[in-house]
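Shown next, in structure tokens, is the structure this report addresses.
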Amino acid sequence: MSLEDDIYLLSQVQMFSDFQAEHLRLIAFGSQKMSFSNGHELFREGQPTDGGYVIVSGSIELLSFQEGNTKSLGIFTAGSLLGEMALISVNNRIGTAFVLEDCELLKISRIMMLRILNEYPELAVALQKRISASVVSFTKNLEKIQI
């Protein structure tokens with residue numbers, strides 16, 4: 001994928017929909033491209049975070065292993081962002097991510113994201129609103145899974 005393809009993909013991610021092309025270019029340029037095969041464990045539940053992942057192609061399932069039970073937290077495909085909270089804060093992974101279908105990813109480091117937000121404070125406000133809405137939605141979906 002070219003830089004322009006990466007910028008277009010990032011523009012389709014809901015979390016970045018308020019970002020202008022120049023902001024997306026900085027994210028795309030600073031992202032690390034990664035490829036993984038079916039069955040690869042991307043990250044493990046409880047591990048400290050260092051950034052988020054945008055799925056370019058393929059699919060990933062997020063599973064939670066608690067109290068001896070395995071619960072699917074969702075299957076994510078191209079255009080999905082995994083670890084949005086990890087873009088701005090230190091926390092632990094809420095699940096274990098397994099590659100279901102060979103995939104390509106863009107890894108966005110928290111350090112790089114915070115530099116961009118520091119340089120463009122108006123983006124921090126927009127991102128905070130998006131993350132708040134996403135957390136509410138995720139919590140509602142998690143409650144449905146637990147019922």
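Following the order of the structure tokens, chains are lettered A, B, ..., residues in each are numbered from 1, and ligands are numbered from 1.
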
Stretch 88-119 of chain A near stretch 67-72 of chain A within 12 Å: what's each residue's closest atom pair and its distance in Å to one decimal, counting only C-alpha atoms, ordered by chain then ascending residue number, as CSV?
```
residue,atom,partner,partner_atom,distance
A:Ile94,CA,A:Ser72,CA,11.3
A:Gly95,CA,A:Ser72,CA,8.8
A:Thr96,CA,A:Ser72,CA,9.6
A:Ala97,CA,A:Ser72,CA,10.0
A:Phe98,CA,A:Ser72,CA,10.8
```

Can you build me a table of stretch 86-141 of chain A residues sitting at most 8 Å from stretch 17-27 of chain A, with the closest atom pair per residue and its distance in Å to one decimal, using only C-alpha atoms, sorted by chain and residue number, as a tab-separated table?
```
residue	atom	partner	partner_atom	distance
A:Ile108	CA	A:Ile27	CA	7.2
A:Met112	CA	A:Ile27	CA	7.7
A:Met113	CA	A:Ile27	CA	7.3
A:Ile116	CA	A:His23	CA	7.6
A:Leu123	CA	A:Phe19	CA	7.0
A:Ala126	CA	A:Asp18	CA	6.9
```

Export of prior selection with N, CA and C atoms as a PDB file, in the first residue's frame:
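Done, and the output landed in part22.pdb:
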```
ATOM      1  N   ILE A 108      -0.060   2.073  15.308  1.00  0.00           N
ATOM      2  CA  ILE A 108       0.091   3.485  15.661  1.00  0.00           C
ATOM      3  C   ILE A 108       0.564   3.544  17.109  1.00  0.00           C
ATOM      4  N   MET A 112       3.813   8.482  19.255  1.00  0.00           N
ATOM      5  CA  MET A 112       3.602   9.265  18.036  1.00  0.00           C
ATOM      6  C   MET A 112       2.253   9.980  18.084  1.00  0.00           C
ATOM      7  N   MET A 113       1.220   9.277  18.543  1.00  0.00           N
ATOM      8  CA  MET A 113      -0.120   9.869  18.607  1.00  0.00           C
ATOM      9  C   MET A 113      -0.138  11.059  19.563  1.00  0.00           C
ATOM     10  N   ILE A 116       1.334  14.165  17.999  1.00  0.00           N
ATOM     11  CA  ILE A 116       0.398  14.807  17.073  1.00  0.00           C
ATOM     12  C   ILE A 116      -0.656  15.586  17.849  1.00  0.00           C
ATOM     13  N   LEU A 123      -7.434  18.434  17.875  1.00  0.00           N
ATOM     14  CA  LEU A 123      -7.652  17.020  17.605  1.00  0.00           C
ATOM     15  C   LEU A 123      -7.864  16.238  18.891  1.00  0.00           C
ATOM     16  N   ALA A 126     -11.529  16.419  19.765  1.00  0.00           N
ATOM     17  CA  ALA A 126     -12.323  15.561  18.875  1.00  0.00           C
ATOM     18  C   ALA A 126     -12.101  14.087  19.206  1.00  0.00           C
TER      19      ALA A 126
END
```

Could you give me, as an MDAnalysis selection string, the residues within 8 Å of A:Lys33, counting only C-alpha atoms and dropping anything in the same chain fewer than 2 positions from it? chainID A and resid 31 35 104:107

Pick from A:Gly58, A:Gly79, A:Gly46, A:Gly74, whichever lies nearest to A:Gln14 using only C-alpha atoms: A:Gly79

Distance atom CA of A:Ser80-atom CA of A:Ser57, one decimal place?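 These atoms are spaced 9.6 Å apart.
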
Contacts of A:Asn91 at 7 Å (only C-alpha atoms; same-chain gap of 3+ positions) as a PyMOL selection string: chain A and resi 48-49+86
